[in-house]
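One file, input_23.pdb, carrying PDB, C-alpha atoms:
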```
MODEL        1
ATOM      1  CA  MET O   1      69.825  51.318 -17.142
ATOM      2  CA  LEU O   2      68.830  54.412 -15.167
ATOM      3  CA  ILE O   3      72.147  56.078 -16.008
ATOM      4  CA  SER O   4      71.656  55.386 -19.728
ATOM      5  CA  ILE O   5      68.139  56.805 -19.590
ATOM      6  CA  SER O   6      69.434  59.895 -17.760
ATOM      7  CA  VAL O   7      72.077  60.475 -20.436
ATOM      8  CA  LEU O   8      69.483  60.220 -23.207
ATOM      9  CA  VAL O   9      67.140  62.559 -21.331
ATOM     10  CA  ALA O  10      69.992  65.047 -20.871
ATOM     11  CA  VAL O  11      70.835  65.036 -24.584
ATOM     12  CA  PHE O  12      67.231  65.347 -25.788
ATOM     13  CA  SER O  13      65.857  67.287 -22.806
ATOM     14  CA  TYR O  14      64.408  70.171 -24.836
ATOM     15  CA  VAL O  15      62.721  67.677 -27.149
ATOM     16  CA  LEU O  16      61.188  65.741 -24.264
ATOM     17  CA  ALA O  17      60.286  68.694 -22.020
ATOM     18  CA  PRO O  18      56.760  70.124 -22.453
ATOM     19  CA  ASP O  19      58.221  73.623 -22.011
ATOM     20  CA  HIS O  20      60.735  74.187 -24.816
ATOM     21  CA  SER O  21      61.749  77.685 -23.697
ATOM     22  CA  PRO O  22      65.376  78.237 -22.581
ATOM     23  CA  ASP O  23      65.857  76.792 -19.064
ATOM     24  CA  ALA O  24      62.119  75.935 -19.036
ATOM     25  CA  ASN O  25      61.639  79.408 -17.616
ATOM     26  CA  ARG O  26      58.141  80.213 -18.915
ATOM     27  CA  MET O  27      56.584  81.999 -15.946
ATOM     28  CA  THR O  28      52.841  82.256 -15.377
ATOM     29  CA  LEU O  29      52.459  83.616 -11.859
ATOM     30  CA  GLU O  30      48.688  83.129 -11.769
ATOM     31  CA  ILE O  31      49.046  79.334 -11.739
ATOM     32  CA  GLY O  32      51.963  79.069  -9.296
ATOM     33  CA  GLY O  33      52.150  76.201  -6.810
ATOM     34  CA  GLN O  34      49.658  73.875  -8.516
ATOM     35  CA  LYS O  35      49.502  70.142  -7.776
ATOM     36  CA  PRO O  36      50.498  67.317 -10.167
ATOM     37  CA  GLY O  37      48.007  66.736 -12.975
ATOM     38  CA  PHE O  38      46.844  70.365 -13.007
ATOM     39  CA  GLN O  39      45.284  71.460 -16.298
ATOM     40  CA  GLN O  40      44.959  75.001 -17.603
ATOM     41  CA  THR O  41      43.673  76.578 -20.792
ATOM     42  CA  PHE O  42      45.846  79.341 -22.275
ATOM     43  CA  LEU O  43      45.236  82.130 -24.732
ATOM     44  CA  MET O  44      48.411  82.348 -26.800
ATOM     45  CA  ILE O  45      49.102  85.883 -28.063
ATOM     46  CA  ARG O  46      51.850  86.248 -30.645
ATOM     47  CA  LYS O  47      54.629  88.541 -29.418
ATOM     48  CA  ASN O  48      55.203  91.835 -31.195
ATOM     49  CA  ARG O  49      58.985  91.561 -31.126
ATOM     50  CA  PRO O  50      60.632  89.172 -33.594
ATOM     51  CA  VAL O  51      61.947  85.913 -32.143
ATOM     52  CA  GLU O  52      65.440  84.818 -33.104
ATOM     53  CA  THR O  53      65.459  81.799 -35.394
ATOM     54  CA  LYS O  54      67.826  79.051 -34.277
ATOM     55  CA  SER O  55      69.209  75.999 -35.996
ATOM     56  CA  ARG O  56      67.964  72.538 -35.026
ATOM     57  CA  ILE O  57      71.239  71.788 -33.252
ATOM     58  CA  SER O  58      71.069  75.039 -31.286
ATOM     59  CA  GLU O  59      67.463  74.357 -30.292
ATOM     60  CA  LEU O  60      68.498  70.889 -29.069
ATOM     61  CA  PHE O  61      70.990  72.393 -26.609
ATOM     62  CA  THR O  62      69.487  75.780 -25.690
ATOM     63  CA  GLY O  63      65.753  75.483 -26.336
ATOM     64  CA  THR O  64      63.439  77.662 -28.387
ATOM     65  CA  ASP O  65      62.328  81.166 -27.467
ATOM     66  CA  ASP O  66      58.563  81.478 -27.038
ATOM     67  CA  ARG O  67      56.793  83.116 -29.950
ATOM     68  CA  TYR O  68      53.651  83.612 -27.857
ATOM     69  CA  ASP O  69      52.691  85.074 -24.505
ATOM     70  CA  TYR O  70      50.668  82.572 -22.481
ATOM     71  CA  VAL O  71      47.604  84.045 -20.748
ATOM     72  CA  PRO O  72      45.655  81.647 -18.494
ATOM     73  CA  ILE O  73      41.915  81.756 -19.134
ATOM     74  CA  THR O  74      38.851  80.065 -17.667
ATOM     75  CA  ASP O  75      36.587  80.190 -20.736
ATOM     76  CA  TYR O  76      36.354  81.750 -24.180
ATOM     77  CA  ALA O  77      33.782  82.441 -26.882
ATOM     78  CA  GLN O  78      33.954  83.733 -30.462
ATOM     79  CA  GLN O  79      31.579  86.635 -31.103
ATOM     80  CA  GLY O  80      31.844  87.944 -34.639
ATOM     81  CA  ASP O  81      35.427  89.089 -35.162
ATOM     82  CA  SER O  82      36.151  89.223 -31.411
ATOM     83  CA  LEU O  83      37.301  86.591 -28.958
ATOM     84  CA  ILE O  84      35.809  87.024 -25.478
ATOM     85  CA  VAL O  85      37.825  85.322 -22.730
ATOM     86  CA  GLY O  86      37.693  85.051 -18.973
ATOM     87  CA  LYS O  87      41.269  85.824 -17.856
ATOM     88  CA  PHE O  88      42.263  83.687 -14.865
ATOM     89  CA  ILE O  89      43.403  85.863 -11.928
ATOM     90  CA  ASP O  90      43.221  83.521  -8.950
ATOM     91  CA  GLU O  91      41.178  80.613  -7.686
ATOM     92  CA  GLY O  92      37.564  81.559  -8.416
ATOM     93  CA  ILE O  93      38.530  85.026  -9.733
ATOM     94  CA  SER O  94      38.581  86.026 -13.410
ATOM     95  CA  GLU O  95      37.995  89.102 -15.535
ATOM     96  CA  ARG O  96      36.475  89.458 -18.994
ATOM     97  CA  GLU O  97      38.662  90.657 -21.866
ATOM     98  CA  SER O  98      38.029  91.018 -25.573
ATOM     99  CA  PHE O  99      40.531  90.491 -28.426
ATOM    100  CA  PHE O 100      40.143  91.188 -32.131
ATOM    101  CA  HIS O 101      40.242  87.723 -33.674
ATOM    102  CA  PRO O 102      39.029  87.025 -37.198
ATOM    103  CA  VAL O 103      38.578  83.343 -37.983
ATOM    104  CA  THR O 104      41.643  83.351 -40.259
ATOM    105  CA  ASP O 105      43.882  85.215 -37.764
ATOM    106  CA  ARG O 106      46.665  83.084 -36.229
ATOM    107  CA  ASP O 107      48.019  85.715 -33.846
ATOM    108  CA  LEU O 108      45.688  84.293 -31.191
ATOM    109  CA  GLN O 109      45.472  80.607 -30.356
ATOM    110  CA  ILE O 110      43.801  78.559 -27.643
ATOM    111  CA  GLN O 111      45.733  75.683 -26.083
ATOM    112  CA  LYS O 112      45.111  73.435 -23.095
ATOM    113  CA  LYS O 113      48.156  72.232 -21.142
ATOM    114  CA  THR O 114      48.567  69.540 -18.495
ATOM    115  CA  PHE O 115      51.253  70.013 -15.835
ATOM    116  CA  TRP O 116      51.961  66.393 -14.912
ATOM    117  CA  LEU O 117      54.128  67.260 -11.888
ATOM    118  CA  GLY O 118      52.483  70.602 -11.127
ATOM    119  CA  THR O 119      53.958  74.092 -11.216
ATOM    120  CA  ASP O 120      56.396  75.904  -8.939
ATOM    121  CA  ARG O 121      55.643  79.197  -7.231
ATOM    122  CA  TYR O 122      56.442  81.086 -10.438
ATOM    123  CA  GLY O 123      54.059  78.970 -12.499
ATOM    124  CA  ARG O 124      56.839  77.084 -14.310
ATOM    125  CA  ASP O 125      56.364  73.463 -15.342
ATOM    126  CA  ILE O 126      58.096  71.223 -12.768
ATOM    127  CA  LEU O 127      58.399  68.294 -15.188
ATOM    128  CA  SER O 128      60.208  70.416 -17.783
ATOM    129  CA  ARG O 129      62.635  71.844 -15.241
ATOM    130  CA  LEU O 130      63.229  68.365 -13.810
ATOM    131  CA  ILE O 131      64.069  66.991 -17.266
ATOM    132  CA  ILE O 132      66.417  69.858 -18.144
ATOM    133  CA  GLY O 133      67.952  69.814 -14.651
ATOM    134  CA  VAL O 134      69.394  66.342 -15.259
ATOM    135  CA  ARG O 135      71.955  68.064 -17.478
ATOM    136  CA  VAL O 136      73.409  69.924 -14.513
ATOM    137  CA  SER O 137      73.689  66.802 -12.369
ATOM    138  CA  LEU O 138      75.367  64.747 -15.091
ATOM    139  CA  ALA O 139      77.604  67.627 -16.148
ATOM    140  CA  VAL O 140      78.879  68.286 -12.629
ATOM    141  CA  GLY O 141      79.603  64.574 -12.194
ATOM    142  CA  LEU O 142      81.429  64.362 -15.511
ATOM    143  CA  VAL O 143      83.552  67.476 -14.911
ATOM    144  CA  THR O 144      84.336  66.321 -11.379
ATOM    145  CA  VAL O 145      85.424  62.875 -12.544
ATOM    146  CA  ILE O 146      87.611  64.322 -15.313
ATOM    147  CA  LEU O 147      89.327  66.790 -12.953
ATOM    148  CA  SER O 148      89.700  64.343 -10.077
ATOM    149  CA  LEU O 149      91.098  61.612 -12.334
ATOM    150  CA  THR O 150      93.500  63.971 -14.076
ATOM    151  CA  ILE O 151      94.941  65.463 -10.883
ATOM    152  CA  GLY O 152      94.692  62.290  -8.791
ATOM    153  CA  ILE O 153      96.303  59.970 -11.329
ATOM    154  CA  LEU O 154      99.113  62.438 -12.030
ATOM    155  CA  LEU O 155     100.042  63.096  -8.395
ATOM    156  CA  GLY O 156      99.388  59.532  -7.257
ATOM    157  CA  ALA O 157     101.559  58.074 -10.009
ATOM    158  CA  LEU O 158     104.395  60.509  -9.261
ATOM    159  CA  ALA O 159     104.246  59.765  -5.528
ATOM    160  CA  GLY O 160     104.146  56.015  -6.019
ATOM    161  CA  TRP O 161     106.857  55.836  -8.666
ATOM    162  CA  PHE O 162     109.481  58.241  -7.349
ATOM    163  CA  ALA O 163     108.791  57.723  -3.595
ATOM    164  CA  GLY O 164     111.235  59.484  -1.253
ATOM    165  CA  THR O 165     111.009  63.277  -1.131
ATOM    166  CA  THR O 166     108.456  63.463  -3.958
ATOM    167  CA  ASP O 167     106.190  61.041  -2.124
ATOM    168  CA  ASN O 168     106.569  62.949   1.162
ATOM    169  CA  ILE O 169     105.666  66.295  -0.441
ATOM    170  CA  ILE O 170     102.630  64.921  -2.278
ATOM    171  CA  MET O 171     101.419  62.997   0.786
ATOM    172  CA  TRP O 172     101.798  66.164   2.881
ATOM    173  CA  LEU O 173      99.579  67.987   0.378
ATOM    174  CA  LEU O 174      97.064  65.118   0.417
ATOM    175  CA  ASN O 175      96.881  65.173   4.201
ATOM    176  CA  ILE O 176      96.318  68.948   4.226
ATOM    177  CA  ILE O 177      93.462  68.673   1.709
ATOM    178  CA  TRP O 178      92.087  65.611   3.512
ATOM    179  CA  SER O 179      91.913  67.488   6.820
ATOM    180  CA  ILE O 180      89.627  70.201   5.406
ATOM    181  CA  PRO O 181      85.898  69.321   5.299
ATOM    182  CA  THR O 182      84.798  68.900   1.692
ATOM    183  CA  LEU O 183      81.910  71.376   1.837
ATOM    184  CA  LEU O 184      84.083  73.997   3.540
ATOM    185  CA  LEU O 185      86.731  73.622   0.842
ATOM    186  CA  VAL O 186      84.082  73.828  -1.889
ATOM    187  CA  PHE O 187      82.678  76.997  -0.266
ATOM    188  CA  ALA O 188      86.127  78.588  -0.280
ATOM    189  CA  LEU O 189      86.810  77.694  -3.920
ATOM    190  CA  THR O 190      83.336  78.814  -4.979
ATOM    191  CA  LEU O 191      83.833  82.198  -3.320
ATOM    192  CA  LEU O 192      87.258  82.447  -4.982
ATOM    193  CA  LEU O 193      86.071  81.476  -8.470
ATOM    194  CA  GLY O 194      82.662  83.166  -8.188
ATOM    195  CA  LYS O 195      79.124  81.875  -8.617
ATOM    196  CA  GLY O 196      78.183  80.282 -11.881
ATOM    197  CA  PHE O 197      77.735  77.106 -13.882
ATOM    198  CA  TRP O 198      81.342  76.150 -14.635
ATOM    199  CA  GLN O 199      82.813  77.707 -11.489
ATOM    200  CA  VAL O 200      80.834  75.323  -9.273
ATOM    201  CA  PHE O 201      81.854  72.319 -11.351
ATOM    202  CA  ILE O 202      85.536  73.235 -11.184
ATOM    203  CA  ALA O 203      85.349  73.929  -7.447
ATOM    204  CA  ILE O 204      83.832  70.498  -6.766
ATOM    205  CA  GLY O 205      86.310  68.761  -9.071
ATOM    206  CA  LEU O 206      89.287  70.371  -7.341
ATOM    207  CA  THR O 207      88.227  68.911  -3.988
ATOM    208  CA  MET O 208      87.639  65.269  -4.944
ATOM    209  CA  TRP O 209      90.992  64.136  -6.346
ATOM    210  CA  VAL O 210      92.465  63.078  -2.995
ATOM    211  CA  ASN O 211      90.841  59.628  -2.949
ATOM    212  CA  VAL O 212      92.006  58.992  -6.500
ATOM    213  CA  ALA O 213      95.585  60.044  -5.679
ATOM    214  CA  ARG O 214      95.725  57.758  -2.631
ATOM    215  CA  ILE O 215      94.420  54.750  -4.564
ATOM    216  CA  VAL O 216      96.775  55.341  -7.511
ATOM    217  CA  ARG O 217      99.783  55.827  -5.202
ATOM    218  CA  GLY O 218      99.124  52.543  -3.405
ATOM    219  CA  GLN O 219      98.589  50.643  -6.639
ATOM    220  CA  VAL O 220     101.738  52.049  -8.247
ATOM    221  CA  LEU O 221     103.807  51.179  -5.165
ATOM    222  CA  ALA O 222     102.608  47.571  -5.439
ATOM    223  CA  VAL O 223     102.802  47.205  -9.214
ATOM    224  CA  LYS O 224     106.208  48.807  -9.833
ATOM    225  CA  GLN O 225     107.922  45.830  -8.182
ATOM    226  CA  LEU O 226     106.365  43.302 -10.569
ATOM    227  CA  GLU O 227     108.303  41.526 -13.295
ATOM    228  CA  TYR O 228     106.755  43.222 -16.316
ATOM    229  CA  VAL O 229     107.720  46.648 -14.952
ATOM    230  CA  GLU O 230     111.288  45.438 -14.301
ATOM    231  CA  ALA O 231     111.373  44.119 -17.855
ATOM    232  CA  ALA O 232     110.244  47.497 -19.209
ATOM    233  CA  ARG O 233     113.001  49.190 -17.226
ATOM    234  CA  ALA O 234     115.584  46.723 -18.534
ATOM    235  CA  MET O 235     114.505  47.503 -22.111
ATOM    236  CA  GLY O 236     115.295  51.159 -21.471
ATOM    237  CA  TYR O 237     111.740  52.547 -21.668
ATOM    238  CA  SER O 238     111.271  56.028 -20.251
ATOM    239  CA  THR O 239     109.510  56.592 -16.938
ATOM    240  CA  GLY O 240     106.568  58.274 -18.659
ATOM    241  CA  ARG O 241     106.076  55.357 -21.061
ATOM    242  CA  ILE O 242     106.267  52.772 -18.292
ATOM    243  CA  ILE O 243     103.671  54.602 -16.205
ATOM    244  CA  VAL O 244     101.278  55.463 -19.046
ATOM    245  CA  ARG O 245     101.586  52.342 -21.219
ATOM    246  CA  HIS O 246     102.234  49.614 -18.669
ATOM    247  CA  ILE O 247     101.242  50.587 -15.121
ATOM    248  CA  LEU O 248      98.110  52.715 -15.442
ATOM    249  CA  PRO O 249      96.153  50.268 -17.668
ATOM    250  CA  ASN O 250      96.679  47.577 -15.019
ATOM    251  CA  ILE O 251      95.491  49.637 -12.048
ATOM    252  CA  MET O 252      92.408  51.270 -13.561
ATOM    253  CA  GLY O 253      89.956  48.880 -11.882
ATOM    254  CA  PRO O 254      90.036  50.511  -8.432
ATOM    255  CA  VAL O 255      90.264  53.945 -10.059
ATOM    256  CA  LEU O 256      87.027  53.354 -11.980
ATOM    257  CA  VAL O 257      85.264  52.371  -8.757
ATOM    258  CA  ILE O 258      86.427  55.604  -7.089
ATOM    259  CA  ALA O 259      85.348  57.565 -10.188
ATOM    260  CA  ALA O 260      81.787  56.201  -9.906
ATOM    261  CA  SER O 261      81.725  57.105  -6.218
ATOM    262  CA  ASN O 262      83.009  60.629  -6.969
ATOM    263  CA  PHE O 263      80.312  61.029  -9.620
ATOM    264  CA  ALA O 264      77.604  60.310  -7.050
ATOM    265  CA  SER O 265      79.234  62.544  -4.414
ATOM    266  CA  ALA O 266      79.525  65.430  -6.881
ATOM    267  CA  ILE O 267      75.779  65.281  -7.622
ATOM    268  CA  ILE O 268      74.967  65.542  -3.915
ATOM    269  CA  ILE O 269      77.457  68.366  -3.309
ATOM    270  CA  GLU O 270      76.154  70.373  -6.278
ATOM    271  CA  ALA O 271      72.577  69.948  -5.060
ATOM    272  CA  GLY O 272      73.624  71.118  -1.594
ATOM    273  CA  LEU O 273      75.448  74.162  -2.967
ATOM    274  CA  SER O 274      72.486  75.109  -5.167
ATOM    275  CA  PHE O 275      70.144  74.700  -2.191
ATOM    276  CA  LEU O 276      72.344  77.103  -0.206
ATOM    277  CA  GLY O 277      72.326  79.611  -3.080
ATOM    278  CA  ILE O 278      76.004  79.433  -4.082
ATOM    279  CA  GLY O 279      75.674  76.792  -6.779
ATOM    280  CA  VAL O 280      73.963  77.010 -10.157
ATOM    281  CA  GLN O 281      72.167  80.335 -10.400
ATOM    282  CA  PRO O 282      68.553  80.874 -11.516
ATOM    283  CA  PRO O 283      66.842  80.667 -13.905
ATOM    284  CA  GLN O 284      68.973  77.664 -14.900
ATOM    285  CA  PRO O 285      67.228  74.587 -13.488
ATOM    286  CA  SER O 286      69.106  72.524 -10.917
ATOM    287  CA  TRP O 287      67.517  69.870  -8.743
ATOM    288  CA  GLY O 288      69.028  71.383  -5.605
ATOM    289  CA  LEU O 289      67.800  74.835  -6.605
ATOM    290  CA  MET O 290      64.310  73.424  -7.261
ATOM    291  CA  ILE O 291      64.225  72.055  -3.701
ATOM    292  CA  LYS O 292      65.284  75.449  -2.356
ATOM    293  CA  GLU O 293      62.592  77.282  -4.331
ATOM    294  CA  ASN O 294      59.815  74.910  -3.261
ATOM    295  CA  TYR O 295      60.716  73.454   0.134
ATOM    296  CA  ASN O 296      58.139  75.704   1.846
ATOM    297  CA  PHE O 297      55.425  73.694   0.082
ATOM    298  CA  ILE O 298      56.420  70.563   2.082
ATOM    299  CA  ILE O 299      54.422  71.771   5.077
ATOM    300  CA  THR O 300      51.589  73.225   2.997
ATOM    301  CA  HIS O 301      49.275  71.780   0.387
ATOM    302  CA  ASN O 302      51.768  70.586  -2.254
ATOM    303  CA  PRO O 303      54.872  68.767  -0.913
ATOM    304  CA  MET O 304      55.572  67.087  -4.278
ATOM    305  CA  LEU O 305      57.153  70.298  -5.601
ATOM    306  CA  ALA O 306      60.162  69.699  -3.357
ATOM    307  CA  LEU O 307      59.949  65.913  -3.045
ATOM    308  CA  VAL O 308      60.150  65.200  -6.790
ATOM    309  CA  PRO O 309      63.631  66.721  -7.359
ATOM    310  CA  GLY O 310      64.768  65.136  -4.091
ATOM    311  CA  ILE O 311      63.648  61.708  -5.299
ATOM    312  CA  ALA O 312      65.408  62.330  -8.636
ATOM    313  CA  ILE O 313      68.675  63.112  -6.816
ATOM    314  CA  MET O 314      68.305  59.979  -4.682
ATOM    315  CA  LEU O 315      67.691  57.685  -7.665
ATOM    316  CA  LEU O 316      70.581  59.049  -9.738
ATOM    317  CA  VAL O 317      73.031  58.870  -6.818
ATOM    318  CA  LEU O 318      71.847  55.336  -6.041
ATOM    319  CA  ALA O 319      72.412  54.342  -9.673
ATOM    320  CA  PHE O 320      76.038  55.531  -9.628
ATOM    321  CA  ASN O 321      76.691  53.883  -6.256
ATOM    322  CA  LEU O 322      75.331  50.603  -7.614
ATOM    323  CA  LEU O 323      77.508  51.074 -10.701
ATOM    324  CA  GLY O 324      80.534  51.439  -8.436
ATOM    325  CA  ASN O 325      79.591  48.275  -6.541
ATOM    326  CA  GLY O 326      79.151  46.408  -9.811
ATOM    327  CA  LEU O 327      82.537  47.552 -11.082
ATOM    328  CA  ARG O 328      84.135  46.524  -7.798
ATOM    329  CA  ASP O 329      82.704  43.013  -8.043
ATOM    330  CA  ALA O 330      83.467  42.664 -11.752
ATOM    331  CA  LEU O 331      87.061  43.840 -11.446
ATOM    332  CA  ASN O 332      87.788  41.919  -8.230
ATOM    333  CA  VAL O 333      89.334  44.915  -6.548
ATOM    334  CA  LYS O 334      89.130  43.210  -3.155
ATOM    335  CA  GLU O 335      91.712  40.664  -4.159
TER     336      GLU O 335
ENDMDL
END
```
Representation of the structure as structure tokens:
Amino acid sequence: MLISISVLVAVFSYVLAPDHSPDANRMTLEIGGQKPGFQQTFLMIRKNRPVETKSRISELFTGTDDRYDYVPITDYAQQGDSLIVGKFIDEGISERESFFHPVTDRDLQIQKKTFWLGTDRYGRDILSRLIIGVRVSLAVGLVTVILSLTIGILLGALAGWFAGTTDNIIMWLLNIIWSIPTLLLVFALTLLLGKGFWQVFIAIGLTMWVNVARIVRGQVLAVKQLEYVEAARAMGYSTGRIIVRHILPNIMGPVLVIAASNFASAIIIEAGLSFLGIGVQPPQPSWGLMIKENYNFIITHNPMLALVPGIAIMLLVLAFNLLGNGLRDALNVKE
């Protein structure tokens, strides 16, 4: 259930997020570090430069550029053709400003916003960045699972089917990769590929195929001696057809369990890399990056800024671990 909700939130994140700007990166430094439930009135001033018009599909995936500048204010009053506002500077500090504002003029608007989870130190809406950040977590898990399954199934099937020298070479490679700590290997690949969105995903995916390869190898070694495989050989089917059409469909149960586990592990690794500064780069929202930007608030007045993305990571990882346990029980992989 939680995974389904996360997928829907990821697809419609810019529709659901209060801040529709790209990456929910609308900064208002004056209101940085506010607690959940904080409310602020804004004077919205239409920007002089034209804003690019996007299609509905493009807005769904990349957000909408702000057409207004958001100025926090404490109060306002209409006097003739002028709008007198108290511009918010800091707690208890404001300054008076006047703007030409006829009653029919729409270049100035007043809007009150509620920040349900507060704001980070740059004044960005935590809820919006949390909603959009689910895309990164699900994307890294998906890319990791695709890469790990592709490489792991290929090498595991080759090792299990051909055995002998092929098996020895592939197992030697598996043991070398297995001996290197996962984070250290991810660091090395990240430095090799560079920082960025897809680079991190590929680096994580290239380190998590070993478990898949070991499982597939063991399953192929056991299954290739069964009668239906011997029958396929006797009928003259090619090795590729036997593996793809007959063996792999019958060993996918354990592989799916490992895939769910890899999904959860990839989310944690990505969050750790982003926290260390070598993962997803700002201003793109990532839950690990949000913890890094706000962890100082844990020991000050607003710990929720760092705790909320941490709780989100915990719940999503728990959901995928429970999914793996459910698949294991349903597919009877213990037997």
Taking the file as shown, find all residues satisfying the PyMOL selection byres ((chain O and resi 65) around 6) and write them as a tab-separated table (two decimals) with C-alpha atoms, in the coordinates of the input.
```
chain	number	residue	atom	x	y	z
O	21	SER	CA	61.75	77.68	-23.70
O	64	THR	CA	63.44	77.66	-28.39
O	66	ASP	CA	58.56	81.48	-27.04
```
Point-to-point distance from CA of Leu323 in chain O to CA of Leu117 in chain O, Å rounded to tenths: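 Taking CA of Leu323 in chain O as the start and CA of Leu117 in chain O as the end point, the length is 28.5 Å.
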Surrounding residues of Ile45 in chain O excluding itself and chain neighbours under 3 positions, 10 Å, all atoms listed in the file, as a ChimeraX atom specification: /O:42,48,67-71,99,106-110
All residues 9 Å or closer to range 134-137 of chain O, only C-alpha atoms, same chain fewer than 6 positions away omitted, as a VMD selection string: chain O and resid 6 to 7 9 to 11 13 197 266 to 268 270 to 271 280 284 to 287 312 to 313 316
Write the residues of the preceding selection, restricted to C-alpha atoms, as a PDB file, in the frame of the given file.
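File written: part-v5.pdb
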```pdb
ATOM      1  CA  SER O   6      69.434  59.895 -17.760  1.00  0.00           C
ATOM      2  CA  VAL O   7      72.077  60.475 -20.436  1.00  0.00           C
ATOM      3  CA  VAL O   9      67.140  62.559 -21.331  1.00  0.00           C
ATOM      4  CA  ALA O  10      69.992  65.047 -20.871  1.00  0.00           C
ATOM      5  CA  VAL O  11      70.835  65.036 -24.584  1.00  0.00           C
ATOM      6  CA  SER O  13      65.857  67.287 -22.806  1.00  0.00           C
ATOM      7  CA  PHE O 197      77.735  77.106 -13.882  1.00  0.00           C
ATOM      8  CA  ALA O 266      79.525  65.430  -6.881  1.00  0.00           C
ATOM      9  CA  ILE O 267      75.779  65.281  -7.622  1.00  0.00           C
ATOM     10  CA  ILE O 268      74.967  65.542  -3.915  1.00  0.00           C
ATOM     11  CA  GLU O 270      76.154  70.373  -6.278  1.00  0.00           C
ATOM     12  CA  ALA O 271      72.577  69.948  -5.060  1.00  0.00           C
ATOM     13  CA  VAL O 280      73.963  77.010 -10.157  1.00  0.00           C
ATOM     14  CA  GLN O 284      68.973  77.664 -14.900  1.00  0.00           C
ATOM     15  CA  PRO O 285      67.228  74.587 -13.488  1.00  0.00           C
ATOM     16  CA  SER O 286      69.106  72.524 -10.917  1.00  0.00           C
ATOM     17  CA  TRP O 287      67.517  69.870  -8.743  1.00  0.00           C
ATOM     18  CA  ALA O 312      65.408  62.330  -8.636  1.00  0.00           C
ATOM     19  CA  ILE O 313      68.675  63.112  -6.816  1.00  0.00           C
ATOM     20  CA  LEU O 316      70.581  59.049  -9.738  1.00  0.00           C
TER      21      LEU O 316
END
```
Closest of O:Ile132, O:Leu138, O:Ala188, O:Ala330 to Gly253 in chain O - atom-to-atom distances counting only C-alpha atoms: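 Residue with the minimum atom-to-atom distance to Gly253 in chain O: O:Ala330.
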Coordinates of box centre and edge lengths for range 241-249 of chain O, 4 Å on every side, axis-aligned, as JSON:
```
{"center_x": 101.2, "center_y": 52.5, "center_z": -18.2, "size_x": 18.1, "size_y": 13.8, "size_z": 14.1}
```
Explicit residue set for the PyMOL selection byres ((chain O and resi 244-252) around 9), as a VMD selection string: chain O and resid 153 157 216 219 to 220 223 to 224 228 to 229 232 239 to 243 253 to 257
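Nearest residue to Glu91 in chain O, choosing from O:Leu155, O:Lys54, O:Ile31, O:Gly196 and counting only C-alpha atoms: O:Ile31.
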Exercise: range 298-302 of chain O partners within 10 Å, only C-alpha atoms, chain neighbours under 6 positions left out, as a list of chain:residue names: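 Surrounding residues, per the criterion: O:Gly33, O:Gln34, O:Lys35, O:Pro36, O:Gly118, O:Thr119, O:Asp120, O:Ile291.
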Nearest to Ser265 in chain O by atom-to-atom distance, counting all atoms listed in the file, from O:Ile215, O:Ile170, O:Leu127, O:Val317: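 For Ser265 in chain O, the nearest of the candidates is O:Val317.
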Decode the PyMOL selection byres ((chain O and resi 79) around 12) for the given file into explicit residues and return them as a compact mmCIF listing (two decimals) with C-alpha atoms, keeping the file's coordinate frame.
```txt
# COMPACT_ATOMS: atom_id res chain seq x y z
CA TYR O 76 36.35 81.75 -24.18
CA ALA O 77 33.78 82.44 -26.88
CA GLN O 78 33.95 83.73 -30.46
CA GLY O 80 31.84 87.94 -34.64
CA ASP O 81 35.43 89.09 -35.16
CA SER O 82 36.15 89.22 -31.41
CA LEU O 83 37.30 86.59 -28.96
CA ILE O 84 35.81 87.02 -25.48
CA VAL O 85 37.83 85.32 -22.73
CA SER O 98 38.03 91.02 -25.57
CA PHE O 99 40.53 90.49 -28.43
CA PHE O 100 40.14 91.19 -32.13
CA HIS O 101 40.24 87.72 -33.67
CA PRO O 102 39.03 87.02 -37.20
CA VAL O 103 38.58 83.34 -37.98
```
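With CA of Ser128 in chain O on one side and CA of Lys113 in chain O on the other, the separation reads 12.6 Å.
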O:Ile126, O:Phe275, O:Leu149, O:Gly37 ranked by distance to Thr114 in chain O, top pick (using all atoms listed in the file):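 Using all atoms listed in the file, the shortest distance to Thr114 in chain O belongs to O:Gly37.
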Test item: residues at most 8 Å from Lys87 in chain O, all atoms listed in the file, excluding those fewer than 6 positions along its chain, as a list in words: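 Surrounding residues, per the criterion: Val71, Pro72, Ile73, Thr74, Asp75, Ser94, Glu95, Arg96 and Glu97 of chain O.
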Atomic separation - CA of Arg121 in chain O relative to CA of Asn294 in chain O, Å: 7.2 Å
